[in-house]
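Novice: Next comes the structure file data.cif, holding mmCIF, C-alpha atoms.
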data_upload
loop_
_atom_site.label_atom_id
_atom_site.label_comp_id
_atom_site.auth_asym_id
_atom_site.auth_seq_id
_atom_site.Cartn_x
_atom_site.Cartn_y
_atom_site.Cartn_z
CA MET A 11 25.78 16.57 7.83
CA ALA A 12 23.40 19.44 8.45
CA ILE A 13 20.67 20.15 5.92
CA ASP A 14 18.96 23.50 6.35
CA ARG A 15 15.52 24.49 5.07
CA ARG A 16 16.92 26.26 2.00
CA SER A 17 18.97 23.21 0.98
CA THR A 18 15.97 20.91 1.37
CA LEU A 19 13.80 23.16 -0.80
CA LEU A 20 16.49 23.27 -3.48
CA LEU A 21 16.72 19.50 -3.50
CA LEU A 22 12.97 19.13 -3.92
CA ALA A 23 12.77 21.85 -6.55
CA GLY A 24 15.36 19.97 -8.57
CA GLY A 25 13.18 16.87 -8.50
CA VAL A 26 15.70 14.70 -6.65
CA ALA A 27 16.01 14.80 -2.88
CA GLY A 28 19.26 13.66 -1.28
CA SER A 29 19.55 11.58 1.84
CA LEU A 30 19.38 13.41 5.15
CA LEU A 31 21.59 10.75 6.69
CA PRO A 32 25.40 10.54 6.45
CA ALA A 33 27.10 7.98 4.23
CA PRO A 34 27.89 5.51 7.05
CA PHE A 35 24.18 5.35 7.84
CA ARG A 36 23.40 4.58 4.22
CA ALA A 37 26.02 1.86 4.25
CA LYS A 38 24.25 0.36 7.24
CA ALA A 39 21.13 0.06 5.08
CA ALA A 40 23.02 -2.03 2.53
CA ALA A 41 24.55 -4.25 5.21
CA SER A 42 21.47 -4.80 7.34
CA CYS A 43 19.78 -8.18 7.52
CA GLY A 44 16.08 -8.97 7.43
CA PRO A 45 13.25 -6.94 5.93
CA LEU A 46 13.46 -3.23 5.29
CA TYR A 47 10.20 -1.53 6.27
CA LEU A 48 9.01 1.45 4.26
CA SER A 49 6.38 4.02 5.19
CA ALA A 50 5.46 7.65 4.75
CA HIS A 51 4.79 9.82 7.79
CA ALA A 52 4.11 13.34 9.00
CA ASP A 53 6.74 14.95 11.20
CA ILE A 54 6.32 17.28 14.16
CA THR A 55 6.42 20.36 11.90
CA GLY A 56 3.55 19.11 9.74
CA GLY A 57 5.85 18.23 6.85
CA TYR A 58 5.77 14.90 5.01
CA ARG A 59 8.58 12.38 4.84
CA VAL A 60 9.34 8.83 3.74
CA SER A 61 11.43 6.48 5.86
CA GLY A 62 12.99 3.07 5.93
CA PHE A 63 13.82 1.10 9.06
CA ALA A 64 15.13 -2.35 9.91
CA GLU A 65 13.34 -5.13 11.77
CA ASP A 66 15.12 -4.15 14.99
CA GLY A 67 13.93 -0.54 14.65
CA THR A 68 17.18 0.91 13.32
CA SER A 69 16.34 3.92 11.17
CA LEU A 70 18.07 3.59 7.80
CA PHE A 71 16.89 6.66 5.93
CA ASP A 72 14.42 9.53 6.36
CA LEU A 73 13.74 11.78 3.38
CA PRO A 74 11.51 14.79 2.71
CA LEU A 75 8.45 14.48 0.47
CA PRO A 76 6.91 17.21 -1.69
CA GLY A 77 3.45 16.18 -0.41
CA ARG A 78 1.62 13.44 1.42
CA GLY A 79 2.68 9.94 0.40
CA HIS A 80 0.79 6.67 0.27
CA SER A 81 2.28 3.30 -0.66
CA PHE A 82 5.15 1.64 -2.57
CA ALA A 83 6.02 -0.68 -5.42
CA VAL A 84 9.20 -2.62 -4.64
CA ARG A 85 11.39 -3.69 -7.55
CA PRO A 86 11.76 -7.51 -7.57
CA ASP A 87 15.55 -7.41 -7.07
CA GLY A 88 15.12 -5.21 -3.99
CA SER A 89 17.30 -2.43 -5.38
CA ALA A 90 14.59 0.22 -5.50
CA ALA A 91 11.05 1.11 -4.55
CA VAL A 92 8.71 3.69 -6.04
CA HIS A 93 6.77 5.74 -3.50
CA PHE A 94 3.50 7.21 -4.76
CA ALA A 95 1.66 10.33 -3.72
CA ARG A 96 -1.67 9.98 -2.00
CA ARG A 97 -4.69 10.47 -4.27
CA PRO A 98 -5.01 12.88 -6.08
CA GLY A 99 -1.26 13.43 -6.05
CA ARG A 100 0.82 13.34 -9.22
CA PHE A 101 4.37 12.69 -7.98
CA ALA A 102 6.23 9.44 -7.44
CA LEU A 103 9.75 9.14 -6.02
CA VAL A 104 12.12 6.34 -7.01
CA LEU A 105 14.01 5.33 -3.86
CA ASP A 106 17.42 3.68 -4.02
CA LEU A 107 16.99 1.23 -1.13
CA VAL A 108 20.68 0.41 -0.86
CA GLU A 109 21.93 3.98 -0.68
CA GLY A 110 18.90 5.35 1.13
CA THR A 111 18.42 8.18 -1.38
CA VAL A 112 15.89 9.44 -3.91
CA ALA A 113 17.13 8.57 -7.40
CA ARG A 114 14.40 10.16 -9.50
CA ARG A 115 11.09 11.97 -9.42
CA VAL A 116 8.31 10.84 -11.77
CA GLU A 117 5.19 12.84 -12.67
CA ALA A 118 1.79 11.59 -13.79
CA PRO A 119 0.46 13.09 -17.04
CA ALA A 120 -1.53 16.28 -16.68
CA ASP A 121 -4.83 14.46 -17.30
CA ARG A 122 -4.11 11.64 -14.84
CA HIS A 123 -3.30 11.30 -11.16
CA PHE A 124 -1.98 8.43 -9.08
CA TYR A 125 -4.08 6.38 -6.67
CA GLY A 126 -1.04 5.53 -4.54
CA HIS A 127 -0.19 1.96 -5.58
CA GLY A 128 1.78 0.11 -8.25
CA VAL A 129 3.57 -3.15 -9.05
CA PHE A 130 6.61 -4.13 -11.12
CA SER A 131 6.84 -6.77 -13.83
CA PRO A 132 8.81 -9.89 -12.79
CA ASP A 133 11.99 -8.65 -14.50
CA GLY A 134 11.67 -5.20 -12.88
CA ARG A 135 11.65 -3.36 -16.20
CA LEU A 136 8.04 -2.21 -16.29
CA LEU A 137 6.05 -0.50 -13.56
CA TYR A 138 2.24 -0.69 -13.57
CA VAL A 139 0.49 2.13 -11.69
CA THR A 140 -3.18 2.67 -10.85
CA GLU A 141 -4.32 6.04 -12.20
CA ASN A 142 -7.45 8.11 -12.66
CA ASP A 143 -8.60 9.28 -16.07
CA PHE A 144 -10.75 11.82 -14.28
CA GLU A 145 -12.25 13.49 -17.33
CA GLY A 146 -13.18 10.12 -18.81
CA GLU A 147 -14.39 8.83 -15.40
CA ARG A 148 -12.52 5.55 -15.78
CA GLY A 149 -9.60 3.81 -14.18
CA VAL A 150 -6.38 3.12 -16.06
CA ILE A 151 -3.09 1.35 -15.38
CA GLY A 152 -0.13 3.50 -16.42
CA ILE A 153 2.92 1.66 -17.78
CA TYR A 154 6.38 3.09 -17.01
CA ASP A 155 9.78 1.87 -18.24
CA ALA A 156 12.16 1.63 -15.27
CA GLU A 157 15.17 1.19 -17.57
CA ARG A 158 14.43 4.37 -19.53
CA GLY A 159 14.08 6.83 -16.68
CA TYR A 160 10.53 5.70 -15.89
CA LYS A 161 9.25 7.05 -19.19
CA ARG A 162 5.51 6.49 -19.51
CA LEU A 163 4.90 4.04 -22.36
CA GLY A 164 1.11 4.01 -22.34
CA GLU A 165 -1.74 2.60 -20.33
CA LEU A 166 -4.14 -0.29 -19.95
CA PRO A 167 -7.79 -0.15 -18.84
CA SER A 168 -8.43 -1.17 -15.25
CA HIS A 169 -11.93 -2.23 -16.37
CA GLY A 170 -13.52 -0.24 -13.58
CA ILE A 171 -13.68 3.07 -11.75
CA GLY A 172 -11.31 4.06 -8.97
CA PRO A 173 -8.58 1.41 -9.23
CA HIS A 174 -6.60 1.44 -6.01
CA GLU A 175 -4.27 -1.41 -5.08
CA ILE A 176 -2.74 -3.62 -7.78
CA ALA A 177 -0.69 -6.83 -7.63
CA LEU A 178 0.73 -9.48 -9.95
CA LEU A 179 -0.07 -13.20 -9.86
CA SER A 180 2.65 -15.84 -9.91
CA ASP A 181 2.28 -16.41 -13.68
CA GLY A 182 3.93 -13.02 -14.13
CA GLU A 183 1.28 -12.07 -16.67
CA THR A 184 -1.94 -11.41 -14.76
CA LEU A 185 -2.52 -8.17 -12.91
CA VAL A 186 -5.17 -8.22 -10.20
CA VAL A 187 -6.78 -4.83 -9.61
CA ALA A 188 -9.02 -3.60 -6.80
CA ASN A 189 -11.46 -1.24 -8.52
CA GLY A 190 -13.00 0.66 -5.64
CA GLY A 191 -15.90 1.83 -7.79
CA ILE A 192 -15.82 5.45 -6.59
CA ALA A 193 -15.55 8.30 -9.11
CA THR A 194 -13.49 11.31 -8.03
CA HIS A 195 -12.06 14.45 -9.63
CA PRO A 196 -8.99 16.44 -8.51
CA ASP A 197 -11.02 19.66 -8.51
CA LEU A 198 -13.00 18.09 -5.62
CA PRO A 199 -10.21 15.88 -4.28
CA ARG A 200 -11.95 14.06 -1.44
CA VAL A 201 -15.55 14.15 -2.76
CA LYS A 202 -17.11 10.83 -3.84
CA LEU A 203 -19.18 11.62 -6.90
CA ASN A 204 -21.18 8.46 -7.63
CA LEU A 205 -22.10 6.69 -4.40
CA PRO A 206 -25.65 5.77 -5.58
CA THR A 207 -24.26 4.00 -8.64
CA MET A 208 -20.79 2.87 -7.53
CA ALA A 209 -19.80 -0.58 -8.82
CA PRO A 210 -16.67 -2.07 -7.21
CA SER A 211 -14.93 -5.03 -8.82
CA LEU A 212 -11.88 -7.27 -8.58
CA CYS A 213 -10.46 -7.54 -12.09
CA PHE A 214 -7.80 -9.84 -13.53
CA VAL A 215 -6.07 -8.10 -16.44
CA ASP A 216 -3.51 -9.33 -19.00
CA ARG A 217 -0.51 -7.06 -18.41
CA ARG A 218 0.54 -7.15 -22.06
CA SER A 219 -2.73 -6.71 -23.95
CA GLY A 220 -4.93 -5.15 -21.28
CA ALA A 221 -7.58 -7.80 -21.94
CA LEU A 222 -9.98 -8.54 -19.09
CA ARG A 223 -9.40 -12.14 -18.07
CA ARG A 224 -11.91 -12.18 -15.25
CA GLU A 225 -14.14 -9.79 -13.31
CA LEU A 226 -15.55 -10.52 -9.87
CA THR A 227 -18.24 -8.41 -8.24
CA LEU A 228 -20.28 -8.48 -5.07
CA ASP A 229 -23.99 -8.99 -4.58
CA PRO A 230 -25.82 -5.87 -5.87
CA ALA A 231 -27.02 -5.21 -2.31
CA LEU A 232 -23.36 -4.59 -1.41
CA HIS A 233 -22.56 -2.24 -4.29
CA ARG A 234 -21.39 0.40 -1.80
CA LEU A 235 -18.74 -1.95 -0.40
CA SER A 236 -15.62 -0.53 -2.02
CA ILE A 237 -12.98 -3.14 -2.94
CA ARG A 238 -9.95 -1.08 -2.03
CA HIS A 239 -6.90 -3.05 -0.87
CA LEU A 240 -5.57 -6.49 -1.67
CA ALA A 241 -2.70 -8.88 -1.08
CA VAL A 242 -1.62 -12.00 -2.95
CA ALA A 243 -0.21 -15.16 -1.31
CA PRO A 244 2.45 -17.37 -2.94
CA ASP A 245 -0.31 -19.78 -4.09
CA ASP A 246 -2.20 -16.85 -5.72
CA THR A 247 -4.90 -16.66 -3.05
CA VAL A 248 -6.11 -13.06 -3.13
CA ALA A 249 -7.14 -11.37 0.11
CA VAL A 250 -9.31 -8.25 -0.11
CA ALA A 251 -9.98 -5.46 2.40
CA MET A 252 -12.97 -3.19 1.84
CA GLN A 253 -14.53 0.10 2.92
CA TYR A 254 -18.29 0.54 3.18
CA GLU A 255 -19.86 3.73 1.82
CA GLY A 256 -23.38 2.95 2.99
CA PRO A 257 -25.18 3.94 6.21
CA ALA A 258 -22.93 3.92 9.28
CA HIS A 259 -25.32 1.67 11.21
CA ASP A 260 -25.12 -1.13 8.60
CA ARG A 261 -22.96 -4.12 9.47
CA VAL A 262 -21.35 -5.75 6.43
CA PRO A 263 -18.40 -8.13 5.87
CA LEU A 264 -15.19 -6.21 5.23
CA VAL A 265 -12.73 -8.99 4.32
CA ALA A 266 -12.84 -11.48 1.46
CA LEU A 267 -10.72 -14.26 -0.05
CA GLN A 268 -10.56 -15.45 -3.64
CA ARG A 269 -8.93 -18.70 -4.76
CA GLY A 270 -8.32 -20.13 -8.24
CA GLU A 271 -11.39 -19.76 -10.43
CA GLY A 272 -13.65 -19.27 -7.43
CA PRO A 273 -15.77 -16.24 -6.51
CA LEU A 274 -15.12 -13.68 -3.81
CA HIS A 275 -15.75 -15.41 -0.49
CA LEU A 276 -16.79 -12.97 2.23
CA LEU A 277 -15.41 -13.64 5.73
CA HIS A 278 -17.82 -13.30 8.65
CA GLY A 279 -16.24 -12.45 11.97
CA PRO A 280 -17.90 -12.11 15.37
CA PRO A 281 -20.58 -9.37 15.33
CA ASN A 282 -18.79 -7.34 18.00
CA VAL A 283 -15.57 -7.36 15.93
CA ILE A 284 -17.33 -6.37 12.71
CA ARG A 285 -19.08 -3.57 14.60
CA ALA A 286 -15.78 -2.41 16.11
CA MET A 287 -14.14 -2.21 12.65
CA LYS A 288 -16.52 0.67 11.83
CA ASN A 289 -17.05 -0.29 8.19
CA TYR A 290 -13.49 0.63 7.20
CA CYS A 291 -10.34 -1.40 6.51
CA GLY A 292 -7.07 0.41 5.91
CA SER A 293 -4.61 -2.21 4.66
CA ILE A 294 -4.08 -5.96 4.36
CA CYS A 295 -1.17 -8.40 4.09
CA PHE A 296 -0.24 -12.07 4.39
CA ASP A 297 2.36 -13.46 6.77
CA PRO A 298 5.38 -15.23 5.14
CA SER A 299 3.62 -18.62 5.22
CA GLY A 300 0.51 -17.33 3.44
CA ARG A 301 -1.66 -18.91 6.13
CA THR A 302 -2.61 -15.79 8.07
CA ILE A 303 -3.76 -12.34 7.02
CA ALA A 304 -3.69 -9.10 8.96
CA VAL A 305 -6.37 -6.48 8.24
CA SER A 306 -6.24 -3.07 9.86
CA ALA A 307 -9.31 -1.10 10.91
CA PRO A 308 -7.87 2.29 11.93
CA ARG A 309 -11.21 3.93 12.70
CA GLY A 310 -11.86 1.18 15.22
CA ASN A 311 -8.26 1.19 16.55
CA LEU A 312 -7.99 -2.52 15.67
CA VAL A 313 -5.78 -4.85 13.70
CA THR A 314 -7.63 -8.10 12.99
CA PHE A 315 -6.20 -11.50 12.06
CA TRP A 316 -7.80 -14.23 9.97
CA ASP A 317 -6.91 -17.85 9.16
CA VAL A 318 -6.73 -18.41 5.40
CA GLY A 319 -7.34 -22.17 5.40
CA SER A 320 -10.51 -22.07 7.47
CA SER A 321 -11.58 -18.49 6.57
CA LEU A 322 -12.09 -17.91 10.29
CA TYR A 323 -11.39 -14.88 12.44
CA LEU A 324 -8.55 -15.46 14.89
CA VAL A 325 -7.98 -12.47 17.18
CA SER A 326 -7.61 -8.69 17.26
CA ALA A 327 -5.03 -6.32 18.71
CA ARG A 328 -5.71 -2.78 19.89
CA VAL A 329 -3.57 -0.26 17.99
CA SER A 330 -4.64 3.38 18.16
CA ASP A 331 -5.25 4.58 14.59
CA GLY A 332 -3.33 1.50 13.43
CA CYS A 333 -3.42 1.36 9.64
CA GLY A 334 -0.13 0.16 8.15
CA VAL A 335 0.49 -3.60 8.44
CA ALA A 336 3.38 -5.69 7.14
CA PRO A 337 4.70 -9.20 7.79
CA SER A 338 7.71 -9.79 9.97
CA ALA A 339 10.26 -12.42 8.91
CA ARG A 340 8.46 -14.96 11.14
CA SER A 341 5.22 -16.78 10.35
CA GLY A 342 2.24 -15.57 12.34
CA GLU A 343 3.86 -12.25 13.25
CA PHE A 344 3.22 -8.76 11.88
CA LEU A 345 4.23 -5.14 12.34
CA ALA A 346 1.62 -2.39 12.58
CA SER A 347 2.11 1.37 12.48
CA SER A 348 -0.02 4.07 14.08
CA GLY A 349 -1.16 7.38 12.66
CA LEU A 350 -0.73 8.77 16.17
CA GLY A 351 2.87 7.55 16.38
CA GLY A 352 4.60 4.28 17.17
CA VAL A 353 5.11 0.82 15.67
CA VAL A 354 4.21 -2.48 17.36
CA VAL A 355 4.97 -6.14 16.68
CA ILE A 356 1.91 -8.40 16.98
CA ASP A 357 1.54 -12.16 17.49
CA ALA A 358 -1.41 -13.20 15.32
CA CYS A 359 -2.19 -16.22 17.51
CA SER A 360 -2.53 -14.40 20.82
CA GLY A 361 -2.96 -10.77 19.77
CA ALA A 362 -0.09 -9.84 22.11
CA THR A 363 1.80 -6.70 21.15
CA ARG A 364 5.20 -5.26 21.95
CA PRO A 365 6.47 -1.83 20.96
CA LEU A 366 9.22 -1.44 18.39
CA ALA A 367 11.34 1.63 19.00
CA VAL A 368 12.23 3.17 15.65
CA GLY A 369 15.32 5.24 16.35
CA GLY A 370 14.92 8.95 15.73
CA LEU A 371 11.32 8.58 14.51
CA GLU A 372 9.49 8.22 17.79
CA ALA A 373 7.30 11.23 16.98
CA ALA A 374 6.50 10.12 13.42
CA ARG A 375 2.78 9.96 12.64
CA TRP A 376 2.77 7.05 10.24
CA ASP A 377 0.64 7.11 7.11
CA ASN A 378 -1.67 4.42 5.74
CA HIS A 379 0.77 1.78 4.53
CA LEU A 380 3.78 -0.13 5.84
CA VAL A 381 5.59 -2.22 3.23
CA ALA A 382 8.28 -4.87 3.76
CA ALA A 383 11.11 -5.05 1.20
CA SER A 384 14.03 -7.42 0.83
CA VAL A 385 17.03 -5.25 -0.04
CA SER A 386 19.81 -6.24 -2.42
CA ARG A 387 23.26 -6.42 -0.83
CA ARG A 388 26.28 -4.64 -2.28
CA THR A 389 29.78 -5.88 -1.65
#
Please render this file's structure as structure tokens.

Specialist:
Amino acid sequence: MAIDRRSTLLLLAGGVAGSLLPAPFRAKAAASCGPLYLSAHADITGGYRVSGFAEDGTSLFDLPLPGRGHSFAVRPDGSAAVHFARRPGRFALVLDLVEGTVARRVEAPADRHFYGHGVFSPDGRLLYVTENDFEGERGVIGIYDAERGYKRLGELPSHGIGPHEIALLSDGETLVVANGGIATHPDLPRVKLNLPTMAPSLCFVDRRSGALRRELTLDPALHRLSIRHLAVAPDDTVAVAMQYEGPAHDRVPLVALQRGEGPLHLLHGPPNVIRAMKNYCGSICFDPSGRTIAVSAPRGNLVTFWDVGSSLYLVSARVSDGCGVAPSARSGEFLASSGLGGVVVIDACSGATRPLAVGGLEAARWDNHLVAASVSRRT
């Protein structure tokens, strides 16, 4: 099925993009086993796309984007995922993960923009999205009704500035939000407006009332250490990846863990590893067991691995501009994607890597995040 440039533009202008793959390929997506991996990427023409591929590298769908994408919120039943624009983008696309198509386009309100992350309620009805109230210089969590065409119902406070990644604890009621602490405005999209006074925080928010249940901050000397990305283990251990906005020659911890009612516990790796991470982490995830975390440092061309039980650094793997990380189906194993092209599988015990050939997407320049989804099966 050939799709020419005019047809693609018409699809995007209508707000719903169709699959660029024939129906048998979409059927393969529904029948495939193992995780479905989702990521945005830039193609060889400079355009932006969003793709899904299987654990063996089989490409299952590849769709055009109206702009640069960032990350995903996967619906709990695996039927859909919402792909968000990169900050300060305002679009989100609802992907049908079984058919490999775009089902709907969602827009942020005119006085808000997305930060690129979101999470569903346990029943999949509500979607919580990190957003910027840029005129009010505060972070908010937009609430969207997935059963009513993703109508925006309202918002909750994030209790900070610059909320980025968001997750839900196992109680199904507590949102955990990484407030990066950096004020921005879409008129100056990549300018950080408040570095001298930035105040990052990890906030636990009641998803129904918006009440602040708990707020964790760093030592004031580390107020330029932006709490940006997070992951939650099955036992509700929260892992945090950070980006330092202070002097480039400073060496600060970039990874933290938080358990139960405890504080943020900073992890201290070998000095040469911390130096090589170049004060910047790109993404973070747990393996299926919850015992190991992967943290990417794309500016240092590293993916680092840490033991959760001991809080100790394990090993690193060299991945050029490696930013996206996701767990494989096996404990202690991860996938990592490169902004220069290519995906590798990494053993977190040894740091050994092997390439994963993603069919038809060998030239894809992968964006910041790689997300694993478990897809519903249709009979």

Novice: Residues proximal to (-8.2, -10.0, 5.0) were defined as those with any atom within 7 Å of that point in the file's coordinates, counting only C-alpha atoms. Which are they, as JSON, numbers by chain?

Specialist: {"A": [249, 250, 251, 265, 266, 294, 303, 304, 305, 316]}

Novice: Please write the residues from the selection above to a file, keeping C-alpha atoms, as a PDB file, keeping the file's coordinate frame.

Specialist:
ATOM      1  CA  ALA A 249      -7.140 -11.370   0.110  1.00  0.00           C
ATOM      2  CA  VAL A 250      -9.310  -8.250  -0.110  1.00  0.00           C
ATOM      3  CA  ALA A 251      -9.980  -5.460   2.400  1.00  0.00           C
ATOM      4  CA  VAL A 265     -12.730  -8.990   4.320  1.00  0.00           C
ATOM      5  CA  ALA A 266     -12.840 -11.480   1.460  1.00  0.00           C
ATOM      6  CA  ILE A 294      -4.080  -5.960   4.360  1.00  0.00           C
ATOM      7  CA  ILE A 303      -3.760 -12.340   7.020  1.00  0.00           C
ATOM      8  CA  ALA A 304      -3.690  -9.100   8.960  1.00  0.00           C
ATOM      9  CA  VAL A 305      -6.370  -6.480   8.240  1.00  0.00           C
ATOM     10  CA  TRP A 316      -7.800 -14.230   9.970  1.00  0.00           C
TER      11      TRP A 316
END

Novice: Counting only C-alpha atoms, select every polymer residue within 9 Å of (-3.3, -18.5, 7.5) as defined in the file's coordinates, and provide the selection as a PDB file with C-alpha atoms, keeping the file's coordinate frame.

Specialist:
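Written file, result_8.pdb:
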ATOM      1  CA  PHE A 296      -0.240 -12.070   4.390  1.00  0.00           C
ATOM      2  CA  ASP A 297       2.360 -13.460   6.770  1.00  0.00           C
ATOM      3  CA  SER A 299       3.620 -18.620   5.220  1.00  0.00           C
ATOM      4  CA  GLY A 300       0.510 -17.330   3.440  1.00  0.00           C
ATOM      5  CA  ARG A 301      -1.660 -18.910   6.130  1.00  0.00           C
ATOM      6  CA  THR A 302      -2.610 -15.790   8.070  1.00  0.00           C
ATOM      7  CA  ILE A 303      -3.760 -12.340   7.020  1.00  0.00           C
ATOM      8  CA  PHE A 315      -6.200 -11.500  12.060  1.00  0.00           C
ATOM      9  CA  TRP A 316      -7.800 -14.230   9.970  1.00  0.00           C
ATOM     10  CA  ASP A 317      -6.910 -17.850   9.160  1.00  0.00           C
ATOM     11  CA  VAL A 318      -6.730 -18.410   5.400  1.00  0.00           C
ATOM     12  CA  GLY A 319      -7.340 -22.170   5.400  1.00  0.00           C
ATOM     13  CA  SER A 320     -10.510 -22.070   7.470  1.00  0.00           C
ATOM     14  CA  SER A 321     -11.580 -18.490   6.570  1.00  0.00           C
ATOM     15  CA  GLY A 342       2.240 -15.570  12.340  1.00  0.00           C
TER      16      GLY A 342
END

Novice: Tell me which protein, DNA and RNA residues are within 7 Å of Leu103 of chain A, counting all atoms listed in the file, leaving out same-chain ones fewer than 5 positions away, and put them as a list in words.

Specialist: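 With the cut-off at 7 Å, the set is Val92, His93, Phe94, Val112, Arg114, Arg115 and Val116 of chain A.
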
Novice: Pull out every residue that the PyMOL selection byres ((chain A and resi 370) around 12) matches in the shown coordinates and put them as a PDB file with C-alpha atoms, in the coordinates of the input.

Specialist:
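Written out: out_3.pdb:
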ATOM      1  CA  LEU A  31      21.590  10.750   6.690  1.00  0.00           C
ATOM      2  CA  ASP A  53       6.740  14.950  11.200  1.00  0.00           C
ATOM      3  CA  SER A  61      11.430   6.480   5.860  1.00  0.00           C
ATOM      4  CA  GLY A  62      12.990   3.070   5.930  1.00  0.00           C
ATOM      5  CA  PHE A  63      13.820   1.100   9.060  1.00  0.00           C
ATOM      6  CA  GLY A  67      13.930  -0.540  14.650  1.00  0.00           C
ATOM      7  CA  THR A  68      17.180   0.910  13.320  1.00  0.00           C
ATOM      8  CA  SER A  69      16.340   3.920  11.170  1.00  0.00           C
ATOM      9  CA  LEU A  70      18.070   3.590   7.800  1.00  0.00           C
ATOM     10  CA  PHE A  71      16.890   6.660   5.930  1.00  0.00           C
ATOM     11  CA  ASP A  72      14.420   9.530   6.360  1.00  0.00           C
ATOM     12  CA  GLY A 352       4.600   4.280  17.170  1.00  0.00           C
ATOM     13  CA  ALA A 367      11.340   1.630  19.000  1.00  0.00           C
ATOM     14  CA  VAL A 368      12.230   3.170  15.650  1.00  0.00           C
ATOM     15  CA  GLY A 369      15.320   5.240  16.350  1.00  0.00           C
ATOM     16  CA  LEU A 371      11.320   8.580  14.510  1.00  0.00           C
ATOM     17  CA  GLU A 372       9.490   8.220  17.790  1.00  0.00           C
ATOM     18  CA  ALA A 373       7.300  11.230  16.980  1.00  0.00           C
ATOM     19  CA  ALA A 374       6.500  10.120  13.420  1.00  0.00           C
TER      20      ALA A 374
END

Novice: From the list A:Ala336, A:Ala193, A:Leu276, A:Val248, which residue is nearest Gly146 of chain A when using all atoms listed in the file?

Specialist: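 Ranking A:Ala336, A:Ala193, A:Leu276, A:Val248 by distance to Gly146 of chain A, first place goes to A:Ala193.
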
Novice: Would you pick out the contacts of Asp143 of chain A at 9 Å or less, using all atoms listed in the file, so that residues sharing its chain but fewer than 3 positions from it are not included, and give the list as a PyMOL selection string?

Specialist: chain A and resi 121-123+146-150+195

Novice: For Thr184 of chain A, which of A:Leu267, A:Leu366, A:Leu205, A:Cys213 is the closest residue, counting only C-alpha atoms?

Specialist: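 Of A:Leu267, A:Leu366, A:Leu205, A:Cys213, the one nearest Thr184 of chain A, counting only C-alpha atoms, is A:Cys213.
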
Novice: Mind checking which residues fall within 9 Å of Ile176 of chain A, counting all atoms listed in the file, ignoring those fewer than 4 positions away in the same chain, and posting them as a PDB file with C-alpha atoms, in the coordinates of the input?

Specialist:
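Result written to around.pdb:
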ATOM      1  CA  HIS A 127      -0.190   1.960  -5.580  1.00  0.00           C
ATOM      2  CA  GLY A 128       1.780   0.110  -8.250  1.00  0.00           C
ATOM      3  CA  VAL A 129       3.570  -3.150  -9.050  1.00  0.00           C
ATOM      4  CA  TYR A 138       2.240  -0.690 -13.570  1.00  0.00           C
ATOM      5  CA  VAL A 139       0.490   2.130 -11.690  1.00  0.00           C
ATOM      6  CA  THR A 140      -3.180   2.670 -10.850  1.00  0.00           C
ATOM      7  CA  LEU A 185      -2.520  -8.170 -12.910  1.00  0.00           C
ATOM      8  CA  VAL A 186      -5.170  -8.220 -10.200  1.00  0.00           C
ATOM      9  CA  VAL A 187      -6.780  -4.830  -9.610  1.00  0.00           C
ATOM     10  CA  ALA A 188      -9.020  -3.600  -6.800  1.00  0.00           C
ATOM     11  CA  HIS A 239      -6.900  -3.050  -0.870  1.00  0.00           C
ATOM     12  CA  LEU A 240      -5.570  -6.490  -1.670  1.00  0.00           C
ATOM     13  CA  ALA A 241      -2.700  -8.880  -1.080  1.00  0.00           C
TER      14      ALA A 241
END

Novice: Please indicate the distance in Å from atom CA of Val215 of chain A to atom CA of His169 of chain A, rounded to one decimal place.

Specialist: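 Computing it gives 8.3 Å between the two atoms.
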
Novice: Considering all atoms listed in the file, state which residue in the set A:Pro74, A:Pro199, A:Pro45, A:Gly256 is at the smallest distance from Tyr58 of chain A.

Specialist: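 With all atoms listed in the file as the atom set, the closest residue is A:Pro74.
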
Novice: Taking the file as shown, find all residues satisfying the PyMOL selection byres ((chain A and resi 154-168) around 6) and write them as a list in words.

Specialist: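 Output of the PyMOL selection byres ((chain A and resi 154-168) around 6): Arg135, Leu136, Leu137, Gly149, Val150, Ile151, Gly152, Ile153, His169, Gly170 and Gly220 of chain A.
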
Novice: Which one of A:Met252, A:Leu107, A:Ala102, A:Val385 sits closest to Asn289 of chain A if you count all atoms listed in the file?

Specialist: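 Closest to Asn289 of chain A of all the choices is A:Met252.
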
Novice: Quick one: segment 239-251 of chain A with C-alpha atoms, as a PDB file, in the first residue's frame?

Specialist:
ATOM      1  CA  HIS A 239      12.779  11.018  35.266  1.00  0.00           C
ATOM      2  CA  LEU A 240      11.521   8.226  37.474  1.00  0.00           C
ATOM      3  CA  ALA A 241      10.446   4.595  37.516  1.00  0.00           C
ATOM      4  CA  VAL A 242       8.446   2.615  40.064  1.00  0.00           C
ATOM      5  CA  ALA A 243       9.113  -1.034  41.008  1.00  0.00           C
ATOM      6  CA  PRO A 244       6.352  -3.501  41.944  1.00  0.00           C
ATOM      7  CA  ASP A 245       7.133  -2.905  45.651  1.00  0.00           C
ATOM      8  CA  ASP A 246       6.762   0.890  45.128  1.00  0.00           C
ATOM      9  CA  THR A 247      10.488   1.619  45.291  1.00  0.00           C
ATOM     10  CA  VAL A 248      10.954   4.803  43.264  1.00  0.00           C
ATOM     11  CA  ALA A 249      14.109   5.243  41.200  1.00  0.00           C
ATOM     12  CA  VAL A 250      15.034   8.764  40.086  1.00  0.00           C
ATOM     13  CA  ALA A 251      17.333  10.012  37.317  1.00  0.00           C
TER      14      ALA A 251
END
